[in-house]
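One file, query-v6.tsv, is given below (TSV, C-alpha atoms).
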chain	number	residue	atom	x	y	z
H	5	MET	CA	-70.15	4.85	-91.07
H	6	ASN	CA	-67.80	7.85	-90.75
H	7	GLN	CA	-70.23	10.73	-90.25
H	8	LYS	CA	-69.22	14.20	-91.41
H	9	LEU	CA	-68.16	16.39	-88.48
H	10	PHE	CA	-69.10	19.85	-89.78
H	11	SER	CA	-72.63	19.16	-90.90
H	12	ARG	CA	-74.96	22.10	-91.45
H	13	ASN	CA	-76.61	21.66	-88.05
H	14	PHE	CA	-73.39	21.21	-86.08
H	15	THR	CA	-71.92	24.25	-87.84
H	16	LEU	CA	-74.95	26.36	-86.83
H	17	VAL	CA	-74.58	25.15	-83.23
H	18	VAL	CA	-70.91	26.16	-83.28
H	19	ILE	CA	-71.64	29.63	-84.70
H	20	GLY	CA	-74.50	30.16	-82.26
H	21	GLN	CA	-72.20	29.17	-79.41
H	22	ILE	CA	-69.54	31.65	-80.54
H	23	ILE	CA	-71.99	34.55	-80.42
H	24	SER	CA	-73.89	33.53	-77.29
H	25	LEU	CA	-70.79	32.62	-75.27
H	26	PHE	CA	-69.08	35.87	-76.32
H	27	GLY	CA	-71.98	37.78	-74.79
H	28	ASN	CA	-71.84	35.67	-71.63
H	29	ALA	CA	-68.08	36.13	-71.27
H	30	ALA	CA	-68.31	39.91	-71.67
H	31	LEU	CA	-71.10	40.13	-69.08
H	32	ARG	CA	-69.37	37.89	-66.55
H	33	PHE	CA	-66.31	40.09	-66.90
H	34	ALA	CA	-67.86	43.55	-66.87
H	35	MET	CA	-70.67	43.24	-64.33
H	36	PRO	CA	-68.68	41.83	-61.36
H	37	LEU	CA	-65.79	44.19	-62.18
H	38	TYR	CA	-68.21	47.12	-62.09
H	39	LEU	CA	-69.27	46.04	-58.59
H	40	LEU	CA	-65.65	45.57	-57.47
H	41	ASN	CA	-64.71	49.02	-58.77
H	42	LYS	CA	-67.64	50.60	-56.95
H	43	THR	CA	-67.02	48.88	-53.59
H	44	GLY	CA	-63.38	47.69	-53.53
H	45	SER	CA	-64.43	44.76	-51.33
H	46	SER	CA	-63.17	41.25	-52.11
H	47	ALA	CA	-65.53	39.80	-49.48
H	48	LEU	CA	-68.57	41.36	-51.18
H	49	TYR	CA	-67.26	40.32	-54.59
H	50	GLY	CA	-66.73	36.73	-53.45
H	51	THR	CA	-70.15	36.61	-51.80
H	52	VAL	CA	-71.91	37.94	-54.90
H	53	MET	CA	-70.10	35.45	-57.12
H	54	ALA	CA	-71.01	32.66	-54.68
H	55	CYS	CA	-74.68	33.66	-54.85
H	56	ALA	CA	-74.49	33.80	-58.64
H	57	PHE	CA	-73.43	30.16	-58.85
H	58	ILE	CA	-76.29	28.81	-56.74
H	59	PRO	CA	-79.05	28.99	-59.42
H	60	SER	CA	-76.69	27.36	-61.92
H	61	ILE	CA	-76.29	24.42	-59.56
H	62	LEU	CA	-80.02	24.17	-58.85
H	63	LEU	CA	-81.17	24.52	-62.46
H	64	SER	CA	-78.60	22.24	-64.09
H	65	PRO	CA	-80.54	19.05	-63.19
H	66	VAL	CA	-83.74	20.64	-64.47
H	67	GLY	CA	-81.90	21.58	-67.67
H	68	GLY	CA	-80.77	17.97	-68.07
H	69	ILE	CA	-84.32	16.64	-67.67
H	70	ILE	CA	-85.61	19.21	-70.15
H	71	ALA	CA	-82.81	18.32	-72.60
H	72	ASP	CA	-84.02	14.70	-72.66
H	73	ARG	CA	-87.73	15.55	-73.00
H	74	VAL	CA	-87.86	18.76	-75.08
H	75	ASN	CA	-86.34	19.64	-78.44
H	76	LYS	CA	-82.85	20.90	-77.55
H	77	ARG	CA	-82.97	23.57	-80.25
H	78	ASN	CA	-86.05	25.13	-78.65
H	79	VAL	CA	-84.28	25.24	-75.27
H	80	MET	CA	-81.35	27.15	-76.79
H	81	VAL	CA	-83.56	29.62	-78.67
H	82	ILE	CA	-85.85	30.43	-75.73
H	83	LEU	CA	-83.01	30.86	-73.23
H	84	ASP	CA	-81.00	33.15	-75.54
H	85	PHE	CA	-84.04	35.38	-76.12
H	86	PHE	CA	-84.75	35.45	-72.38
H	87	THR	CA	-81.14	36.42	-71.63
H	88	ALA	CA	-81.41	39.37	-74.03
H	89	VAL	CA	-84.52	40.58	-72.19
H	90	LEU	CA	-82.80	40.11	-68.81
H	91	ILE	CA	-79.77	42.23	-69.73
H	92	LEU	CA	-81.93	44.89	-71.36
H	93	THR	CA	-83.93	45.14	-68.12
H	94	PHE	CA	-80.76	45.40	-66.01
H	95	GLY	CA	-79.44	48.22	-68.19
H	96	MET	CA	-82.66	50.18	-67.79
H	97	LEU	CA	-82.78	49.76	-63.99
H	98	MET	CA	-79.10	50.00	-62.94
H	99	ASP	CA	-79.21	53.75	-62.24
H	100	SER	CA	-82.46	53.74	-60.27
H	101	VAL	CA	-82.31	50.76	-57.85
H	102	ASN	CA	-79.81	49.33	-55.34
H	103	LEU	CA	-76.82	48.20	-57.40
H	104	VAL	CA	-75.73	45.26	-55.21
H	105	ILE	CA	-79.20	43.71	-55.11
H	106	LEU	CA	-79.88	44.29	-58.82
H	107	LEU	CA	-76.48	43.02	-59.97
H	108	THR	CA	-76.59	39.98	-57.69
H	109	THR	CA	-80.09	39.06	-58.87
H	110	THR	CA	-79.15	39.52	-62.52
H	111	LEU	CA	-76.00	37.42	-62.20
H	112	MET	CA	-77.94	34.69	-60.39
H	113	ILE	CA	-80.48	34.53	-63.23
H	114	LEU	CA	-77.70	34.68	-65.83
H	115	TYR	CA	-75.81	31.79	-64.25
H	116	GLY	CA	-79.07	29.90	-63.77
H	117	ILE	CA	-79.79	30.21	-67.49
H	118	ALA	CA	-76.31	28.90	-68.26
H	119	GLY	CA	-76.93	25.93	-65.94
H	120	ALA	CA	-80.13	25.05	-67.78
H	121	TYR	CA	-78.59	25.77	-71.21
H	122	GLN	CA	-75.39	23.70	-71.18
H	123	PRO	CA	-76.94	20.21	-70.75
H	124	SER	CA	-78.85	20.77	-74.00
H	125	VAL	CA	-75.67	21.68	-75.86
H	126	GLN	CA	-73.69	18.73	-74.45
H	127	ALA	CA	-76.53	16.27	-75.03
H	128	ALA	CA	-76.96	17.50	-78.62
H	129	ILE	CA	-73.37	16.67	-79.62
H	130	PRO	CA	-73.74	12.86	-79.87
H	131	ALA	CA	-76.97	13.39	-81.86
H	132	LEU	CA	-75.21	15.64	-84.41
H	133	VAL	CA	-71.93	13.74	-84.86
H	134	GLY	CA	-71.01	10.07	-84.94
H	135	THR	CA	-69.70	8.24	-81.88
H	136	GLU	CA	-66.20	8.23	-83.32
H	137	ARG	CA	-66.31	12.03	-83.64
H	138	ILE	CA	-67.43	12.93	-80.11
H	139	MET	CA	-63.93	13.80	-78.82
H	140	GLU	CA	-63.31	16.08	-81.82
H	141	ALA	CA	-66.74	17.69	-81.50
H	142	ASN	CA	-66.19	18.30	-77.77
H	143	SER	CA	-62.80	19.85	-78.47
H	144	ILE	CA	-64.40	22.18	-81.04
H	145	VAL	CA	-67.19	23.24	-78.67
H	146	ASN	CA	-64.68	23.82	-75.86
H	147	THR	CA	-62.37	25.69	-78.23
H	148	ILE	CA	-65.29	27.89	-79.27
H	149	SER	CA	-66.13	28.50	-75.62
H	150	SER	CA	-62.53	29.48	-74.90
H	151	PHE	CA	-62.33	31.65	-78.04
H	152	SER	CA	-65.47	33.51	-77.02
H	153	ALA	CA	-64.17	33.80	-73.47
H	154	LEU	CA	-60.95	35.21	-74.94
H	155	LEU	CA	-62.66	37.89	-77.01
H	156	GLY	CA	-65.37	38.71	-74.45
H	157	PRO	CA	-63.16	40.01	-71.62
H	158	VAL	CA	-60.60	41.63	-73.94
H	159	LEU	CA	-63.12	43.59	-76.03
H	160	GLY	CA	-65.41	44.03	-73.03
H	161	GLY	CA	-62.48	45.39	-71.01
H	162	VAL	CA	-61.56	47.91	-73.71
H	163	LEU	CA	-65.19	49.01	-74.11
H	164	TYR	CA	-65.77	49.12	-70.35
H	165	SER	CA	-62.60	51.12	-69.65
H	166	ALA	CA	-63.40	53.65	-72.37
H	167	TYR	CA	-67.18	54.06	-72.09
H	168	GLY	CA	-68.44	52.29	-68.96
H	169	LEU	CA	-70.79	49.37	-68.44
H	170	LYS	CA	-73.84	50.29	-70.51
H	171	PRO	CA	-72.27	49.95	-74.00
H	172	VAL	CA	-71.10	46.46	-72.99
H	173	LEU	CA	-74.68	45.60	-72.04
H	174	TRP	CA	-76.16	46.77	-75.37
H	175	VAL	CA	-73.58	44.81	-77.39
H	176	CYS	CA	-74.38	41.67	-75.39
H	177	VAL	CA	-78.13	42.09	-75.91
H	178	ALA	CA	-77.51	42.17	-79.66
H	179	CYS	CA	-75.36	39.01	-79.40
H	180	PHE	CA	-78.08	37.00	-77.64
H	181	VAL	CA	-80.80	38.11	-80.06
H	182	PHE	CA	-78.66	37.22	-83.09
H	183	SER	CA	-77.71	33.84	-81.61
H	184	ALA	CA	-81.36	32.98	-80.87
H	185	VAL	CA	-82.44	33.85	-84.41
H	186	MET	CA	-79.67	31.68	-85.88
H	187	GLU	CA	-80.52	28.72	-83.64
H	188	ILE	CA	-84.08	28.67	-84.97
H	189	PHE	CA	-82.70	27.06	-88.16
H	190	ILE	CA	-80.93	24.18	-86.39
H	191	HIS	CA	-82.38	20.68	-86.69
H	192	ILE	CA	-81.48	18.31	-83.85
H	193	PRO	CA	-82.90	14.76	-84.01
H	194	PHE	CA	-85.53	14.46	-81.30
H	195	GLN	CA	-87.97	11.77	-80.26
H	196	LYS	CA	-90.66	12.91	-77.84
H	197	ARG	CA	-90.96	10.80	-74.70
H	198	ASP	CA	-94.19	10.03	-72.91
H	199	SER	CA	-94.53	11.66	-69.50
H	200	GLU	CA	-96.07	9.78	-66.61
H	201	GLY	CA	-97.53	11.80	-63.74
H	202	GLY	CA	-97.04	15.49	-63.07
H	203	ILE	CA	-93.97	17.65	-63.48
H	204	ARG	CA	-92.79	17.07	-59.91
H	205	GLU	CA	-93.00	13.30	-60.29
H	206	MET	CA	-91.25	13.46	-63.65
H	207	ILE	CA	-88.35	15.49	-62.19
H	208	ARG	CA	-88.07	13.17	-59.19
H	209	SER	CA	-88.14	10.04	-61.35
H	210	ASP	CA	-85.64	11.31	-63.93
H	211	PHE	CA	-83.22	12.59	-61.30
H	212	ALA	CA	-83.40	9.32	-59.35
H	213	GLN	CA	-82.78	7.36	-62.56
H	214	SER	CA	-79.63	9.30	-63.40
H	215	VAL	CA	-78.27	9.08	-59.85
H	216	SER	CA	-78.95	5.32	-59.83
H	217	PHE	CA	-77.02	4.91	-63.08
H	218	ILE	CA	-74.00	6.73	-61.66
H	219	ARG	CA	-74.06	4.90	-58.32
H	220	LYS	CA	-74.77	1.35	-59.51
H	221	GLU	CA	-73.62	1.01	-63.12
H	222	ARG	CA	-70.77	3.53	-63.32
H	223	PRO	CA	-69.66	4.32	-59.72
H	224	VAL	CA	-66.28	5.53	-60.99
H	225	ILE	CA	-68.11	8.55	-62.44
H	226	GLY	CA	-69.36	9.56	-59.00
H	227	LYS	CA	-65.92	9.20	-57.44
H	228	ALA	CA	-64.35	11.26	-60.21
H	229	VAL	CA	-66.94	14.02	-59.87
H	230	LEU	CA	-66.36	14.27	-56.10
H	231	ALA	CA	-62.63	14.58	-56.69
H	232	VAL	CA	-63.21	17.29	-59.30
H	233	SER	CA	-65.42	19.10	-56.77
H	234	GLY	CA	-62.41	19.30	-54.47
H	235	ILE	CA	-60.37	20.90	-57.25
H	236	ASN	CA	-63.20	23.37	-57.91
H	237	LEU	CA	-63.27	24.27	-54.23
H	238	PHE	CA	-59.56	24.90	-53.74
H	239	LEU	CA	-58.21	25.71	-57.24
H	240	SER	CA	-60.92	27.02	-59.58
H	241	SER	CA	-62.58	29.18	-56.91
H	242	MET	CA	-59.25	30.73	-55.95
H	243	ILE	CA	-58.57	31.81	-59.53
H	244	THR	CA	-62.12	33.16	-59.92
H	245	VAL	CA	-61.71	35.46	-56.89
H	246	ALA	CA	-57.95	36.08	-56.95
H	247	LEU	CA	-57.50	37.22	-60.54
H	248	PRO	CA	-59.81	40.27	-60.44
H	249	TYR	CA	-58.98	41.14	-56.83
H	250	LEU	CA	-55.19	40.88	-57.13
H	251	VAL	CA	-54.99	42.67	-60.48
H	252	THR	CA	-57.39	45.52	-59.74
H	253	GLU	CA	-56.96	46.00	-55.98
H	254	VAL	CA	-53.63	44.58	-54.74
H	255	ILE	CA	-50.68	44.65	-57.12
H	256	ASP	CA	-49.11	48.02	-57.92
H	257	LEU	CA	-51.08	49.26	-60.95
H	258	ASP	CA	-53.11	52.44	-61.45
H	259	ALA	CA	-56.90	52.00	-61.65
H	260	ALA	CA	-57.41	52.51	-65.39
H	261	GLN	CA	-54.44	50.32	-66.27
H	262	ALA	CA	-55.60	47.64	-63.82
H	263	ASN	CA	-59.04	47.36	-65.43
H	264	ARG	CA	-57.54	47.03	-68.90
H	265	LEU	CA	-54.96	44.50	-67.74
H	266	TYR	CA	-57.62	42.49	-65.96
H	267	GLY	CA	-59.52	42.30	-69.25
H	268	PHE	CA	-56.37	41.02	-70.94
H	269	ALA	CA	-55.77	38.60	-68.06
H	270	GLN	CA	-59.23	37.15	-68.61
H	271	GLY	CA	-58.39	36.93	-72.29
H	272	ILE	CA	-55.13	35.11	-71.51
H	273	LEU	CA	-57.06	32.72	-69.27
H	274	ALA	CA	-59.42	32.05	-72.15
H	275	ALA	CA	-56.46	31.67	-74.51
H	276	GLY	CA	-55.28	28.84	-72.26
H	277	GLY	CA	-58.67	27.21	-72.72
H	278	LEU	CA	-58.38	27.76	-76.46
H	279	ALA	CA	-54.94	26.12	-76.49
H	280	GLY	CA	-56.29	23.21	-74.46
H	281	GLY	CA	-59.21	22.74	-76.85
H	282	VAL	CA	-56.91	22.76	-79.87
H	283	CYS	CA	-54.54	20.27	-78.23
H	284	ALA	CA	-57.43	17.96	-77.34
H	285	GLY	CA	-58.65	18.06	-80.95
H	286	ILE	CA	-55.22	17.44	-82.49
H	287	PHE	CA	-54.21	14.68	-80.08
H	288	ALA	CA	-57.71	13.19	-79.62
H	289	LYS	CA	-56.62	9.66	-80.54
H	290	ARG	CA	-53.55	9.79	-78.29
H	291	LEU	CA	-55.13	11.12	-75.11
H	292	SER	CA	-55.69	8.43	-72.50
H	293	VAL	CA	-58.38	9.04	-69.92
H	294	GLN	CA	-56.45	6.84	-67.48
H	295	LYS	CA	-53.63	9.42	-67.42
H	296	ALA	CA	-55.88	12.48	-67.14
H	297	GLY	CA	-54.99	13.00	-63.47
H	298	ARG	CA	-51.50	14.16	-64.45
H	299	LEU	CA	-52.99	17.30	-65.96
H	300	ILE	CA	-54.46	18.34	-62.61
H	301	VAL	CA	-51.11	17.75	-60.88
H	302	VAL	CA	-49.48	20.15	-63.36
H	303	SER	CA	-52.30	22.68	-62.85
H	304	ALA	CA	-51.86	22.70	-59.09
H	305	GLY	CA	-48.09	23.04	-59.47
H	306	CYS	CA	-48.50	26.22	-61.51
H	307	LEU	CA	-49.76	28.10	-58.43
H	308	PHE	CA	-46.46	27.87	-56.55
H	309	PRO	CA	-44.62	30.41	-58.77
H	310	VAL	CA	-47.58	32.79	-58.39
H	311	ALA	CA	-47.38	32.62	-54.58
H	312	LEU	CA	-43.59	33.06	-54.67
H	313	SER	CA	-43.89	36.10	-56.95
H	314	LEU	CA	-46.41	37.81	-54.66
H	315	ALA	CA	-44.16	37.17	-51.66
H	316	VAL	CA	-40.87	38.31	-53.27
H	317	PHE	CA	-41.55	40.94	-55.94
H	318	SER	CA	-43.04	44.39	-55.42
H	319	SER	CA	-43.37	45.23	-59.13
H	320	GLY	CA	-46.98	45.13	-60.29
H	321	MET	CA	-46.07	44.13	-63.84
H	322	VAL	CA	-43.78	41.28	-62.70
H	323	ASN	CA	-46.55	39.87	-60.53
H	324	TYR	CA	-49.04	40.36	-63.35
H	325	VAL	CA	-46.93	38.49	-65.91
H	326	ILE	CA	-46.19	35.55	-63.61
H	327	MET	CA	-49.81	35.37	-62.50
H	328	THR	CA	-51.24	35.36	-66.02
H	329	ALA	CA	-48.62	32.87	-67.28
H	330	GLY	CA	-49.54	30.49	-64.47
H	331	CYS	CA	-53.26	30.90	-65.16
H	332	PHE	CA	-52.67	30.23	-68.87
H	333	LEU	CA	-50.98	26.88	-68.14
H	334	ILE	CA	-53.62	25.94	-65.57
H	335	MET	CA	-56.42	26.66	-68.02
H	336	THR	CA	-54.72	24.72	-70.82
H	337	CYS	CA	-54.36	21.60	-68.69
H	338	CYS	CA	-57.82	21.89	-67.16
H	339	THR	CA	-59.48	22.25	-70.57
H	340	VAL	CA	-57.85	19.10	-71.94
H	341	PHE	CA	-58.87	17.32	-68.73
H	342	THR	CA	-62.48	18.55	-69.01
H	343	ILE	CA	-62.77	17.42	-72.63
H	344	GLN	CA	-61.43	13.98	-71.74
H	345	MET	CA	-63.89	13.62	-68.88
H	346	MET	CA	-66.89	14.86	-70.85
H	347	THR	CA	-66.08	12.54	-73.76
H	348	PHE	CA	-65.85	9.61	-71.36
H	349	PHE	CA	-69.20	10.47	-69.76
H	350	GLN	CA	-70.90	10.89	-73.15
H	351	THR	CA	-69.48	7.60	-74.41
H	352	VAL	CA	-70.53	5.39	-71.48
H	353	THR	CA	-73.98	6.93	-70.89
H	354	PRO	CA	-77.06	5.70	-72.81
H	355	PRO	CA	-78.59	8.38	-75.10
H	356	ASP	CA	-81.89	8.46	-73.20
H	357	LEU	CA	-80.03	9.29	-69.96
H	358	LEU	CA	-77.36	11.56	-71.37
H	359	GLY	CA	-78.89	14.97	-70.60
H	360	LYS	CA	-79.87	13.98	-67.06
H	361	VAL	CA	-76.56	12.31	-66.20
H	362	ILE	CA	-74.50	15.22	-67.54
H	363	SER	CA	-76.62	17.70	-65.59
H	364	VAL	CA	-76.07	15.70	-62.36
H	365	ILE	CA	-72.32	15.63	-63.05
H	366	ILE	CA	-72.24	19.38	-63.68
H	367	THR	CA	-74.38	20.06	-60.60
H	368	VAL	CA	-72.23	18.05	-58.19
H	369	ALA	CA	-68.97	19.39	-59.64
H	370	MET	CA	-70.21	22.97	-59.36
H	371	CYS	CA	-71.51	22.71	-55.81
H	372	ALA	CA	-68.07	23.55	-54.45
H	373	GLN	CA	-67.74	26.74	-56.52
H	374	PRO	CA	-70.00	29.06	-54.46
H	375	LEU	CA	-68.47	27.86	-51.20
H	376	GLY	CA	-64.98	28.36	-52.61
H	377	ASN	CA	-65.78	31.83	-53.95
H	378	ALA	CA	-67.11	32.97	-50.56
H	379	MET	CA	-64.20	31.32	-48.71
H	380	TYR	CA	-61.49	32.97	-50.80
H	381	GLY	CA	-63.26	36.32	-50.71
H	382	VAL	CA	-63.08	36.23	-46.90
H	383	LEU	CA	-59.50	34.83	-46.84
H	384	PHE	CA	-58.16	37.60	-49.09
H	385	GLU	CA	-59.95	40.18	-46.93
H	386	LEU	CA	-58.47	38.74	-43.73
H	387	CYS	CA	-54.97	38.27	-45.16
H	388	GLY	CA	-54.51	41.78	-46.51
H	389	GLY	CA	-50.80	42.29	-47.19
H	390	PHE	CA	-50.18	38.52	-47.14
H	391	GLU	CA	-52.16	37.48	-50.21
H	392	TYR	CA	-49.37	35.09	-51.22
H	393	ALA	CA	-50.31	32.92	-48.20
H	394	VAL	CA	-53.81	32.39	-49.60
H	395	VAL	CA	-52.40	31.39	-53.01
H	396	LEU	CA	-49.89	29.05	-51.33
H	397	PHE	CA	-52.69	27.43	-49.32
H	398	SER	CA	-54.61	26.84	-52.56
H	399	ALA	CA	-51.51	25.39	-54.26
H	400	VAL	CA	-50.69	22.91	-51.49
H	401	THR	CA	-54.27	21.73	-50.99
H	402	SER	CA	-54.93	21.37	-54.73
H	403	LEU	CA	-51.72	19.42	-55.22
H	404	VAL	CA	-52.62	16.95	-52.46
H	405	ILE	CA	-56.05	16.36	-54.05
H	406	ALA	CA	-54.55	16.11	-57.54
H	407	VAL	CA	-52.01	13.47	-56.52
H	408	GLY	CA	-54.81	11.44	-54.98
H	409	MET	CA	-56.85	11.74	-58.20
H	410	ARG	CA	-54.17	10.08	-60.33
H	411	GLY	CA	-54.87	6.63	-58.92
H	412	LEU	CA	-58.61	7.09	-59.36
H	413	PHE	CA	-58.45	7.80	-63.09
H	414	LYS	CA	-56.42	4.68	-63.76
H	415	GLY	CA	-59.62	2.76	-63.08
H	416	PHE	CA	-61.52	4.45	-65.91
H	417	SER	CA	-62.60	2.11	-68.72
H	418	VAL	CA	-65.03	2.60	-71.60
Spell out the structure here as structure tokens.
Amino acid sequence: MNQKLFSRNFTLVVIGQIISLFGNAALRFAMPLYLLNKTGSSALYGTVMACAFIPSILLSPVGGIIADRVNKRNVMVILDFFTAVLILTFGMLMDSVNLVILLTTTLMILYGIAGAYQPSVQAAIPALVGTERIMEANSIVNTISSFSALLGPVLGGVLYSAYGLKPVLWVCVACFVFSAVMEIFIHIPFQKRDSEGGIREMIRSDFAQSVSFIRKERPVIGKAVLAVSGINLFLSSMITVALPYLVTEVIDLDAAQANRLYGFAQGILAAGGLAGGVCAGIFAKRLSVQKAGRLIVVSAGCLFPVALSLAVFSSGMVNYVIMTAGCFLIMTCCTVFTIQMMTFFQTVTPPDLLGKVISVIITVAMCAQPLGNAMYGVLFELCGGFEYAVVLFSAVTSLVIAVGMRGLFKGFSV
């Protein structure tokens, strides 16, 4: 049976994601940038971003277990309401307590919520669309994520540059409240499972079950996730730290212009994700998971022009254009790759294990991100005046890992 893709419930999930992810994107842009503007320290910025990722890693497995045992709609509604309260509290306290501690704590909770939230969204997709529509549904959800990430930094950057951080916070609070109210009306098929033992035993048992599935029944998943972790460590982390630091603190731009251009750079990065999501949807039937490794090779190769530009050109705008063009191509390729991988994982995993297995995959893949953020924050601080060397290091290392990944993905089979 060819199930309709845009059913009422899937459409509500998509709209809720647009609003919620827009708020997340604006916050993740404005709050760290506010800290960077106040301190000017890449090491502090990288450390704070590293700390922010830790709760996301720790809570992702819990989110996967919850996604398999609790109505996924309720998870989305509760977490969106809680996020609104969190940001409202931050806005009320930001002028009266230590900024670094408050902002770090808030970002850690925000990322932790995202870690618990995403397994429910990913696990809901197969329940809302037919098996033959999973690739298209994933491309739509990723496109929505990229579209929200495109609008969030661009509009957040304009609002932040003109009026400061607080108006950005109030807009985001409204986004999360509206998204939560909309998600109340979503119906996701759910069958309650019996729980044996206490919560600790349930978490231990479910986590062990998902790890056992990956190790014994689908070991290629574990190998692929470890390889992706290497890319997160040397490629994704570099972009996370380098883009704000290079645009706002290094290349030759005045402060106000730099903040606006960084907002647009984040938007361009998201536009790459949007392009990748659209491409994955259009060419869903032609994309071969066995050839997915080529996309990472291309992504790593895009860093070499960025390093060359920083080494050769003194013009801030020339460096900015080359940097953002490279990031656009990297994001396009990485988004198509992510959709292919997620579709493969969703297809080969039994429905009763889906939330837990996806959360384990996300957790392992993300473990490298905090370490990478801290590492690149320190490297950029130590290599002041030679930032191109850090980018070149990332390019070479990522390319070596990417070439090695190509052989691995040839072994993928549904």
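Among the candidates H:Leu312, H:Leu169, H:Val215, H:Leu155, the one nearest to Ala269 in chain H when counting all atoms listed in the file is H:Leu155.
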Can you write out as a Markdown table which residues of range 272-349 of chain H fall within 6 Å of range 386-392 of chain H, alongside each residue's closest atom pair and its distance in Å to one decimal, counting only C-alpha atoms and ordering rows by chain and ascending residue number?
| residue | atom | partner | partner_atom | distance |
| --- | --- | --- | --- | --- |
| H:Ala311 | CA | H:Tyr392 | CA | 4.6 |
| H:Leu314 | CA | H:Tyr392 | CA | 5.3 |
| H:Ala315 | CA | H:Tyr392 | CA | 5.6 |
Worksheet item: Which residue gives the smallest distance to Trp174 in chain H among H:Val17, H:Leu31, H:Ile255, H:Leu230, with all atoms listed in the file counted?
Response: H:Leu31
Can you list every residue of range 208-238 of chain H that has an atom at most 12 Å from range 282-297 of chain H, with its nearest atom pair and the distance in Å to one decimal, using all atoms listed in the file, ordered by chain then number, as a tab-separated table?
residue	atom	partner	partner_atom	distance
H:Val224	CA	H:Gln294	CA	11.9
H:Ala228	CA	H:Gly297	CA	10.1
H:Ala231	CA	H:Gly297	CA	10.3
H:Val232	CA	H:Gly297	CA	10.2
H:Ile235	CA	H:Gly297	CA	11.4
Worksheet item: From the set H:Val404, H:Leu299, H:Ile192, H:Ala127, which residue has the shortest atom-to-atom contact distance to Ile70 in chain H, counting all atoms listed in the file?
Response: H:Ala127
Worksheet item: Using all atoms listed in the file, which of the listed residues (H:Pro36, H:Pro374, H:Gly330, H:Pro65) sits closest to Ala304 in chain H?
Response: H:Gly330
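Of the residues under consideration (H:Thr347, H:Ser313, H:Ser183, H:Thr43), H:Thr347 shows the shortest atom-to-atom contact distance to Glu140 in chain H when counting only C-alpha atoms.
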Fill in: Selection: 9 Å around Val310 in chain H, all atoms listed in the file, excl. self and same-chain fewer than 5 positions, as a PyMOL selection string
chain H and resi 315+323+326-330+392+395-396
Create the file for the chosen residues now, containing C-alpha atoms and written as a short mmCIF file (atom, residue, chain, number, x, y, z; two decimals), in the frame of the given file.
data_model
loop_
_atom_site.label_atom_id
_atom_site.label_comp_id
_atom_site.auth_asym_id
_atom_site.auth_seq_id
_atom_site.Cartn_x
_atom_site.Cartn_y
_atom_site.Cartn_z
CA ALA H 315 -44.16 37.17 -51.66
CA ASN H 323 -46.55 39.87 -60.53
CA ILE H 326 -46.19 35.55 -63.61
CA MET H 327 -49.81 35.37 -62.50
CA THR H 328 -51.24 35.36 -66.02
CA ALA H 329 -48.62 32.87 -67.28
CA GLY H 330 -49.54 30.49 -64.47
CA TYR H 392 -49.37 35.09 -51.22
CA VAL H 395 -52.40 31.39 -53.01
CA LEU H 396 -49.89 29.05 -51.33
#
Worksheet item: With all atoms listed in the file as the basis for distance, which of H:Val145, H:Cys331, H:Ala120, H:Leu106 is at the shortest distance from Phe308 in chain H?
Response: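 Closest to Phe308 in chain H, using all atoms listed in the file: H:Cys331.
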Worksheet item: So which residues touch Cys176 in chain H within 12 Å, counting all atoms listed in the file, skipping near sequence neighbours fewer than 4 positions away, as number ranges by chain?
Response: H: 23-35, 84-85, 87-92, 94-95, 156-157, 159-160, 163, 169-172, 180-183
Worksheet, complete the sentence: re CA of Leu273 in chain H and CA of Asn236 in chain H: distance 15.9 Å
Item to complete: Within 10 Å of (-62.1, 19.5, -68.4) (coordinates as in the file), grab all the protein and nucleic acid residues, counting only C-alpha atoms, and write them out as a ChimeraX atom specification.
Response: /H:146,232,277,280-281,296,299-300,335-347
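Here CA of Gly381 in chain H stands at a distance of 27.2 Å from CA of Leu97 in chain H.
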Item to complete: Within 9 Å of range 72-83 of chain H, counting only C-alpha atoms, which residues show up once you throw out same-chain ones fewer than 5 positions away? Write them as number ranges by chain, please.
Response: H: 67, 88, 117-118, 120-122, 124-125, 127-128, 183-199, 355-360
N, CA and C atoms are what I want for range 126-132 of chain H; can you complete it accordingly and write them as a PDB file, in the coordinates of the input?
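The resulting file, selection.pdb, is reproduced below:
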ATOM      1  N   GLN H 126     -74.500  19.946 -74.592  1.00  0.00           N
ATOM      2  CA  GLN H 126     -73.690  18.730 -74.450  1.00  0.00           C
ATOM      3  C   GLN H 126     -74.456  17.493 -74.919  1.00  0.00           C
ATOM      4  N   ALA H 127     -75.739  17.428 -74.617  1.00  0.00           N
ATOM      5  CA  ALA H 127     -76.530  16.270 -75.030  1.00  0.00           C
ATOM      6  C   ALA H 127     -76.798  16.260 -76.527  1.00  0.00           C
ATOM      7  N   ALA H 128     -76.729  17.422 -77.179  1.00  0.00           N
ATOM      8  CA  ALA H 128     -76.960  17.500 -78.620  1.00  0.00           C
ATOM      9  C   ALA H 128     -75.777  16.980 -79.421  1.00  0.00           C
ATOM     10  N   ILE H 129     -74.573  17.038 -78.859  1.00  0.00           N
ATOM     11  CA  ILE H 129     -73.370  16.670 -79.620  1.00  0.00           C
ATOM     12  C   ILE H 129     -73.418  15.250 -80.143  1.00  0.00           C
ATOM     13  N   PRO H 130     -73.697  14.225 -79.312  1.00  0.00           N
ATOM     14  CA  PRO H 130     -73.740  12.860 -79.870  1.00  0.00           C
ATOM     15  C   PRO H 130     -74.824  12.684 -80.933  1.00  0.00           C
ATOM     16  N   ALA H 131     -75.905  13.491 -80.870  1.00  0.00           N
ATOM     17  CA  ALA H 131     -76.970  13.390 -81.860  1.00  0.00           C
ATOM     18  C   ALA H 131     -76.585  14.018 -83.195  1.00  0.00           C
ATOM     19  N   LEU H 132     -75.603  14.920 -83.198  1.00  0.00           N
ATOM     20  CA  LEU H 132     -75.210  15.640 -84.410  1.00  0.00           C
ATOM     21  C   LEU H 132     -73.961  15.081 -85.071  1.00  0.00           C
TER      22      LEU H 132
END
